[in-house]
$ cat protein-v3.txt   # compact mmCIF, C-alpha atoms
# COMPACT_ATOMS: atom_id res chain seq x y z
CA MET A 1 -275.35 -19.40 -70.23
CA GLN A 2 -271.64 -19.86 -70.69
CA THR A 3 -270.67 -23.16 -72.25
CA PRO A 4 -267.38 -24.06 -73.88
CA ALA A 5 -267.35 -24.59 -77.64
CA PRO A 6 -267.37 -28.21 -78.82
CA VAL A 7 -264.13 -29.90 -77.86
CA ASP A 8 -262.65 -33.39 -77.94
CA TYR A 9 -261.63 -34.91 -74.66
CA ALA A 10 -259.24 -37.66 -73.70
CA LYS A 11 -258.08 -38.79 -70.29
CA ALA A 12 -254.37 -39.53 -70.04
CA THR A 13 -253.21 -42.34 -67.77
CA SER A 14 -249.49 -41.49 -67.66
CA VAL A 15 -247.13 -38.74 -68.79
CA ALA A 16 -246.16 -40.85 -71.81
CA ASP A 17 -249.82 -41.36 -72.63
CA ALA A 18 -250.49 -37.62 -72.29
CA LEU A 19 -247.62 -36.80 -74.66
CA ALA A 20 -248.91 -39.35 -77.18
CA LYS A 21 -252.42 -37.91 -76.98
CA LEU A 22 -251.11 -34.35 -77.35
CA ALA A 23 -249.20 -35.43 -80.47
CA GLU A 24 -252.23 -37.21 -81.83
CA HIS A 25 -254.52 -34.19 -81.43
CA GLY A 26 -252.07 -31.62 -82.77
CA GLU A 27 -251.14 -28.05 -81.87
CA GLU A 28 -254.62 -26.96 -80.84
CA ALA A 29 -254.84 -29.55 -78.08
CA ARG A 30 -254.45 -28.31 -74.52
CA VAL A 31 -253.63 -30.02 -71.27
CA VAL A 32 -256.32 -29.58 -68.63
CA ALA A 33 -255.29 -29.92 -64.99
CA GLY A 34 -257.59 -28.34 -62.37
CA GLY A 35 -259.28 -26.40 -65.16
CA HIS A 36 -259.97 -23.34 -63.03
CA SER A 37 -258.27 -21.00 -65.47
CA LEU A 38 -258.76 -22.90 -68.74
CA LEU A 39 -262.47 -23.73 -68.44
CA PRO A 40 -263.53 -20.14 -67.64
CA MET A 41 -261.43 -18.96 -70.60
CA MET A 42 -263.08 -21.56 -72.82
CA LYS A 43 -266.53 -20.38 -71.73
CA LEU A 44 -265.60 -16.85 -72.76
CA ARG A 45 -263.97 -18.10 -76.02
CA LEU A 46 -260.70 -16.55 -74.89
CA ALA A 47 -259.40 -20.08 -75.38
CA ARG A 48 -260.79 -22.47 -77.95
CA PRO A 49 -258.76 -25.67 -78.01
CA ASP A 50 -259.75 -28.52 -80.32
CA ALA A 51 -259.06 -31.11 -77.67
CA LEU A 52 -258.46 -31.37 -73.95
CA ILE A 53 -256.00 -33.89 -72.61
CA ASP A 54 -256.96 -34.49 -68.99
CA ILE A 55 -253.99 -35.18 -66.70
CA ASN A 56 -256.00 -35.29 -63.44
CA ASP A 57 -255.68 -39.03 -63.02
CA ILE A 58 -251.91 -39.31 -63.40
CA PRO A 59 -250.76 -40.08 -59.84
CA GLU A 60 -247.05 -39.63 -60.63
CA LEU A 61 -247.69 -35.92 -61.29
CA ALA A 62 -249.01 -35.12 -57.81
CA GLY A 63 -247.31 -34.72 -54.48
CA VAL A 64 -244.54 -32.94 -52.59
CA ARG A 65 -241.26 -34.69 -51.85
CA ILE A 66 -237.65 -33.94 -50.99
CA GLU A 67 -235.04 -35.07 -53.48
CA GLY A 68 -231.45 -34.31 -52.47
CA ASP A 69 -231.25 -30.61 -51.70
CA GLU A 70 -234.47 -29.73 -53.53
CA ILE A 71 -238.16 -29.80 -52.77
CA VAL A 72 -240.02 -31.29 -55.71
CA VAL A 73 -243.68 -30.41 -56.23
CA GLY A 74 -245.56 -32.35 -58.90
CA ALA A 75 -247.41 -30.19 -61.41
CA MET A 76 -250.78 -31.78 -60.56
CA THR A 77 -250.39 -30.98 -56.85
CA ARG A 78 -253.53 -29.09 -55.91
CA HIS A 79 -253.44 -25.76 -54.10
CA ARG A 80 -254.96 -27.39 -51.03
CA ASP A 81 -252.10 -29.89 -50.85
CA VAL A 82 -249.51 -27.14 -51.27
CA LEU A 83 -251.26 -25.27 -48.43
CA ASP A 84 -251.29 -28.35 -46.20
CA SER A 85 -247.79 -29.64 -47.03
CA ALA A 86 -245.68 -30.08 -43.89
CA VAL A 87 -242.50 -30.24 -45.99
CA LEU A 88 -243.19 -26.89 -47.62
CA ALA A 89 -244.31 -25.34 -44.34
CA GLU A 90 -241.07 -26.42 -42.67
CA HIS A 91 -238.71 -25.12 -45.35
CA TYR A 92 -240.69 -22.31 -46.93
CA PRO A 93 -243.62 -20.77 -45.02
CA ILE A 94 -243.98 -18.48 -48.07
CA PHE A 95 -246.02 -21.26 -49.73
CA ARG A 96 -248.58 -21.47 -46.96
CA GLU A 97 -248.83 -17.70 -46.68
CA ALA A 98 -249.39 -17.40 -50.44
CA GLU A 99 -251.83 -20.30 -50.67
CA ARG A 100 -253.99 -18.96 -47.87
CA VAL A 101 -254.83 -15.97 -50.05
CA ILE A 102 -255.16 -17.75 -53.40
CA ALA A 103 -258.82 -17.87 -54.48
CA ASP A 104 -260.97 -19.79 -51.97
CA PRO A 105 -261.06 -23.29 -50.46
CA LEU A 106 -263.28 -24.69 -53.22
CA VAL A 107 -261.05 -23.43 -55.99
CA ARG A 108 -257.99 -24.65 -54.07
CA ASN A 109 -259.53 -28.13 -54.02
CA ARG A 110 -259.29 -28.30 -57.82
CA GLY A 111 -256.67 -25.82 -59.02
CA THR A 112 -253.07 -27.00 -59.33
CA ILE A 113 -249.63 -25.47 -59.00
CA GLY A 114 -248.73 -26.54 -62.54
CA GLY A 115 -251.87 -25.05 -63.99
CA SER A 116 -251.24 -21.82 -62.14
CA MET A 117 -247.67 -21.62 -63.46
CA CYS A 118 -248.72 -22.41 -67.04
CA GLN A 119 -251.61 -19.94 -66.98
CA ALA A 120 -248.92 -17.29 -66.35
CA ASP A 121 -251.39 -14.68 -65.19
CA PRO A 122 -249.46 -11.48 -64.38
CA ALA A 123 -251.05 -11.63 -60.91
CA SER A 124 -250.13 -15.29 -60.31
CA ASP A 125 -249.09 -15.70 -56.67
CA LEU A 126 -247.28 -18.99 -57.20
CA SER A 127 -245.30 -17.53 -60.08
CA ALA A 128 -244.07 -14.82 -57.72
CA VAL A 129 -243.20 -17.48 -55.12
CA GLY A 130 -241.37 -19.61 -57.71
CA SER A 131 -239.34 -16.67 -58.95
CA ALA A 132 -238.57 -15.51 -55.42
CA LEU A 133 -237.21 -18.96 -54.58
CA LYS A 134 -235.29 -19.20 -57.88
CA GLY A 135 -236.86 -22.56 -58.59
CA THR A 136 -236.80 -24.61 -61.75
CA ALA A 137 -239.45 -26.29 -63.87
CA VAL A 138 -239.19 -29.68 -65.53
CA VAL A 139 -240.84 -29.70 -68.95
CA VAL A 140 -241.32 -32.98 -70.76
CA GLY A 141 -241.90 -33.32 -74.50
CA PRO A 142 -241.56 -35.86 -77.29
CA GLY A 143 -237.78 -35.30 -77.34
CA GLY A 144 -237.28 -35.86 -73.61
CA SER A 145 -237.22 -33.59 -70.61
CA ARG A 146 -235.57 -30.24 -69.97
CA THR A 147 -235.13 -28.12 -66.88
CA VAL A 148 -235.93 -24.41 -67.10
CA ALA A 149 -235.23 -21.71 -64.53
CA LEU A 150 -238.51 -20.27 -63.29
CA ARG A 151 -237.06 -16.81 -63.86
CA GLY A 152 -237.07 -17.71 -67.55
CA PHE A 153 -240.23 -19.81 -67.57
CA HIS A 154 -242.61 -17.00 -68.42
CA GLN A 155 -242.27 -15.22 -71.74
CA GLY A 156 -244.92 -12.62 -71.09
CA PRO A 157 -248.50 -12.45 -69.86
CA TYR A 158 -250.14 -15.86 -70.36
CA GLU A 159 -247.07 -17.16 -72.21
CA THR A 160 -244.57 -19.73 -71.06
CA VAL A 161 -241.76 -21.79 -72.56
CA VAL A 162 -243.97 -24.89 -72.52
CA GLY A 163 -244.57 -25.59 -76.20
CA PRO A 164 -247.35 -27.44 -77.97
CA GLY A 165 -246.92 -31.12 -77.32
CA GLU A 166 -245.09 -30.52 -74.04
CA ILE A 167 -246.14 -30.85 -70.40
CA LEU A 168 -244.87 -29.20 -67.24
CA THR A 169 -244.32 -32.10 -64.85
CA GLU A 170 -242.54 -30.70 -61.77
CA LEU A 171 -241.49 -27.60 -59.94
CA ARG A 172 -238.23 -27.75 -57.99
CA TYR A 173 -237.13 -25.40 -55.23
CA PRO A 174 -233.63 -25.44 -53.69
CA ILE A 175 -233.60 -25.99 -49.93
CA ARG A 176 -231.68 -23.23 -48.15
CA PRO A 177 -230.83 -24.05 -44.53
CA GLY A 178 -231.53 -21.08 -42.27
CA ALA A 179 -233.68 -19.22 -44.78
CA GLY A 180 -236.69 -17.25 -43.62
CA SER A 181 -239.51 -16.56 -46.04
CA ALA A 182 -242.75 -14.61 -46.16
CA TYR A 183 -245.53 -13.57 -48.54
CA GLU A 184 -247.54 -10.36 -48.50
CA LYS A 185 -250.58 -9.52 -50.63
CA VAL A 186 -253.14 -6.77 -50.84
CA GLU A 187 -256.41 -7.80 -52.46
CA ARG A 188 -259.69 -5.96 -52.83
CA ARG A 189 -261.76 -8.77 -51.40
CA ALA A 190 -261.30 -12.36 -50.23
CA GLY A 191 -260.15 -14.62 -53.03
CA ASP A 192 -259.38 -11.91 -55.56
CA TRP A 193 -256.23 -11.48 -57.57
CA GLY A 194 -253.74 -9.28 -55.83
CA VAL A 195 -253.57 -5.53 -56.35
CA ALA A 196 -249.91 -6.16 -55.60
CA THR A 197 -247.99 -8.98 -53.95
CA SER A 198 -244.46 -9.59 -52.77
CA GLY A 199 -242.79 -12.76 -51.53
CA VAL A 200 -239.22 -13.15 -50.34
CA TYR A 201 -236.68 -15.44 -48.75
CA VAL A 202 -233.75 -14.13 -46.77
CA VAL A 203 -230.71 -15.93 -45.37
CA VAL A 204 -228.95 -14.01 -42.58
CA SER A 205 -225.58 -15.40 -41.58
CA GLY A 206 -222.92 -13.77 -39.43
CA GLY A 207 -225.14 -10.70 -39.07
CA VAL A 208 -225.42 -10.00 -42.78
CA VAL A 209 -227.78 -11.05 -45.54
CA THR A 210 -225.87 -13.65 -47.52
CA ASP A 211 -228.65 -14.65 -49.86
CA CYS A 212 -232.13 -13.48 -50.75
CA GLY A 213 -234.82 -13.70 -53.38
CA ILE A 214 -237.59 -11.23 -54.10
CA GLY A 215 -240.65 -12.17 -56.17
CA LEU A 216 -243.63 -10.01 -57.06
CA ALA A 217 -246.93 -10.40 -58.88
CA ALA A 218 -249.33 -7.90 -60.44
CA VAL A 219 -246.82 -5.04 -60.46
CA GLY A 220 -245.10 -5.57 -63.81
CA ALA A 221 -241.94 -7.19 -62.46
CA ASP A 222 -239.97 -8.90 -65.24
CA HIS A 223 -240.19 -12.65 -64.66
CA TYR A 224 -241.98 -11.92 -61.37
CA CYS A 225 -238.74 -10.97 -59.62
CA SER A 226 -236.46 -8.08 -58.73
CA PRO A 227 -232.71 -8.81 -59.02
CA GLU A 228 -232.23 -5.07 -58.35
CA GLY A 229 -233.84 -5.35 -54.93
CA GLU A 230 -231.84 -8.46 -54.12
CA ALA A 231 -228.55 -6.81 -55.13
CA ALA A 232 -229.36 -3.90 -52.84
CA LEU A 233 -229.59 -6.21 -49.83
CA ILE A 234 -226.97 -8.92 -50.24
CA GLY A 235 -223.92 -8.33 -48.04
CA LYS A 236 -225.78 -5.82 -45.88
CA GLU A 237 -226.94 -6.05 -42.30
CA PRO A 238 -230.71 -6.62 -42.11
CA THR A 239 -231.36 -3.24 -40.49
CA GLU A 240 -234.61 -1.39 -41.06
CA GLU A 241 -232.74 1.15 -43.16
CA ASN A 242 -231.15 -1.49 -45.40
CA LEU A 243 -234.39 -3.44 -45.79
CA ALA A 244 -236.18 -0.22 -46.76
CA ALA A 245 -233.49 0.59 -49.33
CA ALA A 246 -233.90 -2.87 -50.86
CA ALA A 247 -237.68 -2.46 -50.89
CA ALA A 248 -237.25 0.91 -52.64
CA ALA A 249 -234.93 -0.63 -55.24
CA THR A 250 -237.48 -3.40 -55.74
CA ALA A 251 -240.36 -0.99 -56.29
CA ALA A 252 -238.24 1.07 -58.69
CA SER A 253 -237.61 -2.06 -60.78
CA CYS A 254 -241.34 -2.70 -61.29
CA SER A 255 -243.61 -1.21 -63.97
CA PRO A 256 -247.20 -1.61 -62.80
CA ASN A 257 -250.11 -0.73 -65.05
CA ALA A 258 -253.17 1.18 -63.91
CA ASP A 259 -256.30 -0.94 -64.09
CA GLN A 260 -259.53 -1.54 -62.19
CA ARG A 261 -257.49 -2.71 -59.21
CA GLY A 262 -255.76 0.62 -58.81
CA PRO A 263 -253.53 3.32 -60.26
CA ALA A 264 -249.87 2.68 -61.03
CA ASP A 265 -248.47 4.87 -58.25
CA TYR A 266 -250.56 3.03 -55.67
CA LYS A 267 -249.25 -0.31 -56.91
CA SER A 268 -245.67 1.00 -56.80
CA HIS A 269 -246.28 2.08 -53.23
CA LEU A 270 -247.60 -1.38 -52.42
CA ALA A 271 -244.62 -3.07 -54.11
CA HIS A 272 -242.38 -1.08 -51.77
CA GLU A 273 -244.40 -1.55 -48.60
CA LEU A 274 -245.23 -5.24 -49.11
CA THR A 275 -241.62 -6.07 -49.97
CA LEU A 276 -240.47 -4.27 -46.82
CA ARG A 277 -242.95 -6.16 -44.66
CA ALA A 278 -241.97 -9.48 -46.21
CA LEU A 279 -238.25 -8.74 -45.86
CA ARG A 280 -238.69 -7.79 -42.18
CA ARG A 281 -240.49 -11.01 -41.35
CA ALA A 282 -238.19 -13.23 -43.41
CA ALA A 283 -235.05 -11.66 -41.94
CA ARG A 284 -236.41 -12.12 -38.42
CA ALA A 285 -237.30 -15.75 -39.16
CA SER A 286 -233.84 -16.41 -40.55
CA GLN A 287 -232.34 -15.09 -37.34
CA GLY A 288 -234.55 -17.40 -35.32
CA ALA A 289 -236.56 -14.57 -33.80
CA MET B 290 -269.07 -39.67 -74.80
CA GLN B 291 -270.12 -42.24 -72.23
CA VAL B 292 -269.93 -41.28 -68.54
CA ASN B 293 -270.73 -43.35 -65.51
CA VAL B 294 -271.03 -41.53 -62.21
CA THR B 295 -272.48 -42.30 -58.83
CA VAL B 296 -274.61 -39.49 -57.45
CA ASN B 297 -275.68 -39.73 -53.81
CA GLY B 298 -275.02 -43.47 -53.99
CA VAL B 299 -277.05 -44.06 -57.17
CA GLU B 300 -275.28 -45.03 -60.38
CA HIS B 301 -276.03 -43.06 -63.53
CA ALA B 302 -274.85 -43.58 -67.10
CA ALA B 303 -275.26 -41.07 -69.92
CA ASP B 304 -273.96 -40.25 -73.37
CA ILE B 305 -272.92 -36.59 -73.34
CA GLU B 306 -270.85 -34.01 -75.15
CA PRO B 307 -267.41 -33.50 -73.61
CA ARG B 308 -268.11 -29.78 -73.23
CA LEU B 309 -271.08 -30.34 -70.91
CA LEU B 310 -270.36 -28.82 -67.51
CA LEU B 311 -270.95 -30.93 -64.43
CA VAL B 312 -273.54 -28.51 -63.06
CA HIS B 313 -275.65 -28.82 -66.22
CA PHE B 314 -275.22 -32.58 -66.25
CA ILE B 315 -276.60 -32.77 -62.73
CA ARG B 316 -279.46 -30.33 -63.32
CA ASP B 317 -280.46 -31.08 -66.91
CA GLU B 318 -279.43 -34.69 -67.57
CA LEU B 319 -280.15 -36.07 -64.11
CA GLN B 320 -282.94 -33.58 -63.41
CA MET B 321 -281.61 -32.91 -59.93
CA ARG B 322 -282.29 -29.22 -59.39
CA GLY B 323 -281.04 -28.90 -55.82
CA THR B 324 -277.63 -27.86 -57.08
CA HIS B 325 -277.93 -24.25 -58.19
CA TRP B 326 -276.27 -22.77 -61.22
CA GLY B 327 -275.13 -19.27 -60.31
CA CYS B 328 -272.41 -17.00 -61.61
CA ASP B 329 -270.87 -19.47 -64.07
CA THR B 330 -267.44 -17.99 -63.38
CA SER B 331 -266.17 -20.04 -60.40
CA ASN B 332 -266.89 -17.17 -58.04
CA CYS B 333 -270.20 -17.70 -56.27
CA GLY B 334 -270.13 -21.35 -55.16
CA ALA B 335 -273.90 -21.90 -55.58
CA CYS B 336 -273.04 -24.96 -57.70
CA THR B 337 -270.89 -26.61 -55.03
CA VAL B 338 -271.05 -30.41 -55.01
CA TRP B 339 -268.64 -33.02 -53.71
CA VAL B 340 -266.52 -35.02 -56.12
CA ASP B 341 -264.96 -37.96 -54.29
CA ASP B 342 -265.70 -36.19 -50.99
CA GLU B 343 -264.08 -32.88 -51.94
CA PRO B 344 -266.33 -29.85 -52.41
CA VAL B 345 -265.81 -28.28 -55.82
CA LYS B 346 -267.55 -25.75 -58.05
CA SER B 347 -269.42 -27.86 -60.58
CA CYS B 348 -269.59 -25.01 -63.13
CA THR B 349 -265.84 -25.33 -63.53
CA MET B 350 -265.55 -29.04 -64.14
CA LEU B 351 -266.61 -31.01 -67.19
CA ALA B 352 -269.06 -33.82 -66.57
CA VAL B 353 -266.74 -36.21 -68.46
CA GLN B 354 -264.08 -35.44 -65.84
CA ALA B 355 -266.40 -36.96 -63.24
CA HIS B 356 -266.44 -40.31 -65.04
CA GLY B 357 -265.96 -43.10 -62.52
CA LYS B 358 -266.25 -40.72 -59.58
CA SER B 359 -268.67 -40.35 -56.74
CA ILE B 360 -270.72 -37.14 -56.56
CA ALA B 361 -272.66 -35.86 -53.58
CA THR B 362 -275.28 -33.14 -53.95
CA VAL B 363 -277.51 -31.28 -51.52
CA GLU B 364 -280.28 -33.83 -52.17
CA GLY B 365 -278.09 -36.38 -50.39
CA LEU B 366 -277.63 -34.38 -47.18
CA ALA B 367 -280.75 -35.64 -45.39
CA LYS B 368 -280.42 -39.26 -44.34
CA GLY B 369 -283.35 -41.58 -43.78
CA GLY B 370 -285.82 -38.73 -43.82
CA VAL B 371 -283.91 -36.80 -41.16
CA LEU B 372 -282.32 -33.47 -41.99
CA ASP B 373 -278.59 -33.06 -41.72
CA PRO B 374 -277.68 -30.85 -38.73
CA VAL B 375 -276.45 -28.25 -41.22
CA GLN B 376 -279.88 -28.14 -42.84
CA GLN B 377 -281.56 -27.88 -39.48
CA GLY B 378 -279.11 -25.18 -38.44
CA PHE B 379 -280.04 -23.08 -41.47
CA MET B 380 -283.68 -23.51 -40.45
CA GLU B 381 -283.13 -22.74 -36.75
CA CYS B 382 -280.94 -19.69 -37.36
CA HIS B 383 -282.68 -18.24 -40.41
CA GLY B 384 -279.55 -18.96 -42.45
CA LEU B 385 -281.16 -18.05 -45.75
CA GLN B 386 -283.33 -15.47 -47.36
CA CYS B 387 -283.68 -16.04 -51.10
CA GLY B 388 -282.07 -19.48 -50.85
CA TYR B 389 -279.98 -19.26 -54.00
CA CYS B 390 -276.63 -19.77 -52.31
CA THR B 391 -277.99 -22.23 -49.75
CA PRO B 392 -277.22 -25.60 -51.44
CA GLY B 393 -273.62 -24.56 -52.01
CA MET B 394 -273.31 -23.10 -48.51
CA MET B 395 -274.64 -26.29 -46.95
CA MET B 396 -272.41 -28.61 -49.00
CA CYS B 397 -269.43 -26.50 -48.08
CA ALA B 398 -270.46 -26.36 -44.41
CA ARG B 399 -270.94 -30.13 -44.19
CA ALA B 400 -267.49 -30.70 -45.68
CA LEU B 401 -265.99 -28.21 -43.23
CA LEU B 402 -267.61 -29.85 -40.19
CA ASP B 403 -266.61 -33.33 -41.37
CA ARG B 404 -262.97 -32.23 -41.26
CA ASN B 405 -263.20 -29.84 -38.35
CA PRO B 406 -266.17 -30.61 -36.06
CA HIS B 407 -265.55 -27.58 -33.83
CA PRO B 408 -264.47 -24.71 -36.07
CA SER B 409 -263.94 -21.20 -34.77
CA GLU B 410 -265.96 -18.39 -36.30
CA GLU B 411 -262.91 -17.41 -38.31
CA GLU B 412 -262.52 -20.96 -39.62
CA ILE B 413 -266.18 -21.02 -40.63
CA ARG B 414 -265.84 -17.71 -42.47
CA GLU B 415 -262.71 -18.95 -44.22
CA GLY B 416 -264.46 -22.25 -45.01
CA ILE B 417 -267.35 -20.53 -46.81
CA SER B 418 -265.23 -17.82 -48.40
CA GLY B 419 -265.79 -19.42 -51.81
CA ASN B 420 -269.57 -19.10 -51.44
CA ILE B 421 -271.22 -15.76 -52.02
CA CYS B 422 -274.50 -14.72 -50.38
CA ARG B 423 -276.06 -11.43 -51.47
CA CYS B 424 -278.88 -11.40 -48.90
CA THR B 425 -277.71 -12.14 -45.42
CA GLY B 426 -274.36 -10.56 -44.76
CA TYR B 427 -273.29 -14.05 -43.68
CA LYS B 428 -274.06 -13.52 -39.99
CA ASN B 429 -276.91 -16.02 -39.84
CA ILE B 430 -275.12 -18.45 -42.12
CA VAL B 431 -272.19 -18.51 -39.73
CA ALA B 432 -274.65 -18.94 -36.83
CA ALA B 433 -276.34 -21.80 -38.67
CA ILE B 434 -273.05 -23.63 -39.10
CA GLN B 435 -272.18 -22.99 -35.46
CA TRP B 436 -275.59 -24.41 -34.52
CA ALA B 437 -274.82 -27.53 -36.57
CA ALA B 438 -271.45 -27.90 -34.85
CA GLU B 439 -273.12 -27.67 -31.44
CA ASN B 440 -275.93 -30.06 -32.39
CA PRO B 441 -274.25 -32.85 -34.34
CA ALA B 442 -277.35 -35.02 -34.16
CA ALA B 443 -280.25 -33.03 -35.58
CA THR B 444 -283.64 -34.55 -35.19
CA VAL B 445 -286.05 -32.75 -37.47
CA SER B 446 -287.53 -34.94 -40.16
CA GLU B 447 -287.85 -33.73 -43.73
CA VAL B 448 -291.60 -34.16 -43.60
CA THR B 449 -292.14 -31.79 -40.73
CA ALA B 450 -289.39 -29.37 -41.80
$ encode --input "protein-v3.txt" --output "structure tokens"
Amino acid sequence: MQTPAPVDYAKATSVADALAKLAEHGEEARVVAGGHSLLPMMKLRLARPDALIDINDIPELAGVRIEGDEIVVGAMTRHRDVLDSAVLAEHYPIFREAERVIADPLVRNRGTIGGSMCQADPASDLSAVGSALKGTAVVVGPGGSRTVALRGFHQGPYETVVGPGEILTELRYPIRPGAGSAYEKVERRAGDWGVATSGVYVVVSGGVVTDCGIGLAAVGADHYCSPEGEAALIGKEPTEENLAAAAAATAASCSPNADQRGPADYKSHLAHELTLRALRRAARASQGA
Amino acid sequence: MQVNVTVNGVEHAADIEPRLLLVHFIRDELQMRGTHWGCDTSNCGACTVWVDDEPVKSCTMLAVQAHGKSIATVEGLAKGGVLDPVQQGFMECHGLQCGYCTPGMMMCARALLDRNPHPSEEEIREGISGNICRCTGYKNIVAAIQWAAENPAATVSEVTA
């Protein structure tokens, strides 16, 4: 039987209350959101916090809204609500396409976007989406709040810039009129982590790609993105040849590791092929096709 | 730590350790063994219960997190001595063999049909994709849920079932 080690527990009623409780319990306290990464790790003793500060009942942390030229997603927004969000579906179908292949409906009922970002699993789909879209994260601590680019949010596997005593409160994604977006993933079975994934947005204007973002998970892409692939495409016509060249540059910028999900050369091949498929669909969508 | 939860409409209070998982609270504290405890890793879905009407895996939630919430378990599916159509569907279509996954399958199926009374086969398969069955290959489970969708008013009583 897997049971977490003894742990203190406190339910926070607001962000301020959560920060106070984190301070009170010290560096070994952890925030628990949906708990679908943290609790399994606690059962296996991969994580052994002294205290859990539960932020599930803080309404201000959940929900999707538009603020100016950004879409703001609260950190406690559950996967299901990201999947069902009309706002996200309208501006960035990449979210719905990614969410459909994240875990399963039961896990999506509990797991949250903030928890997924903070877990920083190398195969995290939403981290790839966030880096593709060049979003930002709002991190709140005792000294106030700061905004961090998602392409600098992760410091390595399972490591983020969120320090002890701090909480991720929101994710922000710039709205890009005319952008098309898409997400591609190969997994071994329903609900599994990806063998490789790629998500992109593309803006085609005047017959050329004026803007794009390429994010990847599970293939050893620094900060879940490929500026090399993007540079290869910007200013070019979205022809099959140019999209393939960008996909090749993307795959070349990744350093996948061999593991039980597959050998490195297979993952590199997938990084190329999935990026190409995503670019094709996003470019077509941007051109209204 | 004190928790107060409502399970299938009945209020329960208990003093528990914060680390106690909801599935063990239901099975060991409340002695309700309908909810099965399976893989323990959020994969199999045998432990599926509803928390405030949302199906969740109770092995991946602390019981203290359910404080003040309303839980529904498989024991609450039959109403007034009459089986839920999902339960009858599993009976009519031979939707189980060993029965281990069945409580989770049925809780998930009921939630699916409540939101989508006429799901396609694909929607049913997606709906139960968080529930693993190692006996049936899912064919009869899908048929059972389709049966329940086609027969929203089942009539078999628990006594005769």
$ residues_near_point --input "protein-v3.txt" --point "(-267.6, -14.7, -61.9)" --cutoff "12 Å" --atoms "all atoms listed in the file" --output "PyMOL selection string"
(chain A and resi 2+36-37+40-41+43-44+103+191-192) or (chain B and resi 326-335+346+348-349+419-421)
$ residues_near_point --input "protein-v3.txt" --point "(-278.4, -21.2, -34.8)" --cutoff "10 Å" --atoms "all atoms listed in the file" --output "list of chain:residue names"
B:Val375, B:Gln377, B:Gly378, B:Phe379, B:Met380, B:Glu381, B:Cys382, B:His383, B:Gly384, B:Asn429, B:Ile430, B:Val431, B:Ala432, B:Ala433, B:Ile434, B:Gln435, B:Trp436, B:Ala437, B:Ala438, B:Glu439, B:Asn440
$ closest_atom_pairs --input "protein-v3.txt" --of "chain B" --to "chain A" --cutoff "6 Å" --atoms "all atoms listed in the file" --output "tab-separated table"
residue	atom	partner	partner_atom	distance
B:Arg308	CA	A:Pro4	CA	5.8
B:Val345	CA	A:Leu106	CA	5.1
B:Ser418	CA	A:Asp104	CA	5.9
B:Gly419	CA	A:Asp104	CA	4.8
$ closest_residue --input "protein-v3.txt" --among "A:Arg280, A:Lys267, A:His154, A:Lys21" --to "A:Ala246" --atoms "only C-alpha atoms"
A:Arg280
$ atom_distance --input "protein-v3.txt" --atom1 "atom CA of A:Asp69" --atom2 "atom CA of A:Ser85"
17.2 Å
$ atom_distance --input "protein-v3.txt" --atom1 "atom CA of B:Arg322" --atom2 "atom CA of B:Met290"
22.8 Å
$ closest_atom_pairs --input "protein-v3.txt" --of "stretch 117-159 of chain A" --to "stretch 181-184 of chain A" --cutoff "10 Å" --atoms "all atoms listed in the file" --output "JSON lines"
{"residue": "A:Asp125", "atom": "CA", "partner": "A:Tyr183", "partner_atom": "CA", "distance": 9.1}
{"residue": "A:Ala128", "atom": "CA", "partner": "A:Tyr183", "partner_atom": "CA", "distance": 9.4}
{"residue": "A:Val129", "atom": "CA", "partner": "A:Tyr183", "partner_atom": "CA", "distance": 8.0}
{"residue": "A:Ala132", "atom": "CA", "partner": "A:Ser181", "partner_atom": "CA", "distance": 9.5}
{"residue": "A:Leu133", "atom": "CA", "partner": "A:Ser181", "partner_atom": "CA", "distance": 9.2}
$ residues_around --input "protein-v3.txt" --residues "B:Arg404" --least-positions-apart "2" --cutoff "12 Å" --atoms "all atoms listed in the file" --output "ChimeraX atom specification"
/B:342-344,397-402,406-408,412-413,416,438
$ closest_residue --input "protein-v3.txt" --among "B:Val353, B:His325, B:Cys422, B:Lys368" --to "B:Asp304" --atoms "all atoms listed in the file"
B:Val353
$ residues_around --input "protein-v3.txt" --residues "stretch 315-320 of chain B" --least-positions-apart "6" --cutoff "9 Å" --atoms "all atoms listed in the file" --output "ChimeraX atom specification"
/B:296,301,303,305,326,347,352,362
$ atom_distance --input "protein-v3.txt" --atom1 "atom CA of A:Val73" --atom2 "atom CA of A:Arg172"
6.3 Å
$ build_atoms --input "protein-v3.txt" --residues "stretch 68-73 of chain A" --atoms "N, CA and C atoms" --output "mmCIF file, in the frame of the given file"
data_model
loop_
_atom_site.group_PDB
_atom_site.id
_atom_site.type_symbol
_atom_site.label_atom_id
_atom_site.label_comp_id
_atom_site.auth_asym_id
_atom_site.auth_seq_id
_atom_site.Cartn_x
_atom_site.Cartn_y
_atom_site.Cartn_z
ATOM 1 N N GLY A 68 -232.750 -34.969 -52.638
ATOM 2 C CA GLY A 68 -231.450 -34.310 -52.470
ATOM 3 C C GLY A 68 -231.624 -32.998 -51.742
ATOM 4 N N ASP A 69 -231.121 -31.916 -52.343
ATOM 5 C CA ASP A 69 -231.250 -30.610 -51.700
ATOM 6 C C ASP A 69 -232.344 -29.762 -52.343
ATOM 7 N N GLU A 70 -233.354 -30.450 -52.912
ATOM 8 C CA GLU A 70 -234.470 -29.730 -53.530
ATOM 9 C C GLU A 70 -235.811 -30.259 -53.014
ATOM 10 N N ILE A 71 -236.784 -29.376 -52.981
ATOM 11 C CA ILE A 71 -238.160 -29.800 -52.770
ATOM 12 C C ILE A 71 -238.805 -29.903 -54.139
ATOM 13 N N VAL A 72 -239.410 -31.058 -54.411
ATOM 14 C CA VAL A 72 -240.020 -31.290 -55.710
ATOM 15 C C VAL A 72 -241.542 -31.306 -55.528
ATOM 16 N N VAL A 73 -242.216 -30.468 -56.288
ATOM 17 C CA VAL A 73 -243.680 -30.410 -56.230
ATOM 18 C C VAL A 73 -244.212 -30.806 -57.602
#
